[in-house]
Amino acid sequence: MNITEININGNNVKLLEYVPECYCYISGITNNLLGKLRIGIETWVTKDLFEKMDVSIWIYDNIKVNAFAKYYEGKNYIALSVGLCQKFWEAATGFIDHENLENVFRISDKNKEDYIQAIYMYMLNFIIAHEFGHIVHGHLLINSDDGFIDEIRDEKELMKNAHKWNTQILEYDADSFAAGINTTIFLGGWVNDIKILLANFDMLFLSFYLSFSVLAEESNKDFSCYFENDITEYDHPHPGIRMFYCTIVMIDWIISNKGVNEITMSIIESGYHAIISFEKSVLKKKKIKMCYFSVSETEKGVQHIMNLVNGWNDMVDMYNKYSYIPIRKTDMLDCMSYFIDENGEFIQ
């Protein structure tokens, strides 16, 4: 396989074209998907722009759950750790094989393997699109001395809250870009069969949920005190917050392409129900601190989302100077509704 080395913070990091065969239970499926995903990213921008960006996808042999984007010697690199691939695969498998899954979803035994591979593929595609978003929107070029963003940032735990909040805003933007890419893929496979559409888009919703669950639970970020802490104390948004604003992006893409009608409303309603039912009926999560998605419907969660959206709008003009493509602002959010309190009780 092809191997290259790049320097990150003074350390040489070896990048591999494929997952080593010694990781036998994920190497075959992952390497097959990587071949397809490398072709796919070429369609996310124009051919000329893709050549200018010079983006490539790599694996690095580390069991830590992480992914990064790096601008190095005029080229852009996206790298996924073996550990991330392993945990994504385990999350997809754990979802399909969960003993309580039939409380919400019915999947025949003959189709289970196909569903696992599909969910895994969309999780991989999401994290690749997320790192691509960091690159294409100039997050790396704005600081040419560093040119590096990863999902863990262990060495930066002591950074000030202002820096952490700035990082959260960049994560919001990269997540939003990735949500748009994955939704576009699903829209490209649109069929005139409501049952197939509901099943497909439920899988899209759940692939987001599983991706953020893995990244939160495996990165040693403790969100258990989310309601007690200031939101600027984190360098990544709460997984439920990430999930919710990605669904906003997804809904916007669906409605923009297919309009507001019974079918699109059914897709959106079904996707929300899939996540909530999975947490409550499959995972048996009862407390709001455990139910990631419900956090976004509290007063604090809603304010968090509004601050991220408005914070990114304030930064767009600066990043447009470094972005490979024009970045459009969204509407400033003055208010959003919230429905539950911190104890999980519905607000009248």
# chains A, B, ... in the order shown; residues from 1 in each chain; ligands from 1
call {"tool": "residues_around", "arguments": {"residues": "region 176-193 of chain A", "least_positions_apart": "3", "cutoff": "7 Å", "atoms": "only C-alpha atoms", "output": "list in words"}}
result
Phe126, Ala129, His130, Gly133, Tyr172, Asp173, Ile196, Leu197, Cys246, Val249, Met250 and Trp253 of chain A
call {"tool": "residues_around", "arguments": {"residues": "Met123 (chain A)", "least_positions_apart": "3", "cutoff": "8 Å", "atoms": "only C-alpha atoms", "output": "list in words"}}
result
Phe88, Ile119, Tyr120, Phe126, Ile127, Ser207, Phe208, Leu210 and Ser211 of chain A
call {"tool": "select_by_dssp", "arguments": {"residues": "region 188-279 of chain A", "states": "helix (DSSP H, G or I)", "output": "PyMOL selection string"}}
result
chain A and resi 188+194-217+231-233+239-258+262-279
call {"tool": "closest_residue", "arguments": {"among": "A:Ile152, A:Ile325, A:Ile29, A:Leu16", "to": "Phe50 (chain A)", "atoms": "only C-alpha atoms"}}
result
A:Ile325
call {"tool": "closest_residue", "arguments": {"among": "A:Trp312, A:Phe278, A:Tyr245, A:Tyr272", "to": "Asn100 (chain A)", "atoms": "only C-alpha atoms"}}
result
A:Phe278
call {"tool": "atom_distance", "arguments": {"atom1": "CA of Leu101 (chain A)", "atom2": "CA of Leu80 (chain A)"}}
result
28.9 Å
call {"tool": "atom_distance", "arguments": {"atom1": "CA of Asn11 (chain A)", "atom2": "CA of Phe148 (chain A)"}}
result
12.7 Å
call {"tool": "closest_residue", "arguments": {"among": "A:Phe244, A:Trp165, A:Glu262, A:Trp58", "to": "Gly311 (chain A)", "atoms": "only C-alpha atoms"}}
result
A:Trp165
call {"tool": "atom_distance", "arguments": {"atom1": "CA of His304 (chain A)", "atom2": "CA of Tyr319 (chain A)"}}
result
21.6 Å
call {"tool": "residues_around", "arguments": {"residues": "Met315 (chain A)", "least_positions_apart": "3", "cutoff": "12 Å", "atoms": "only C-alpha atoms", "output": "PyMOL selection string"}}
result
chain A and resi 137-139+142+166-167+169-170+173+308-312+318-323+327-330
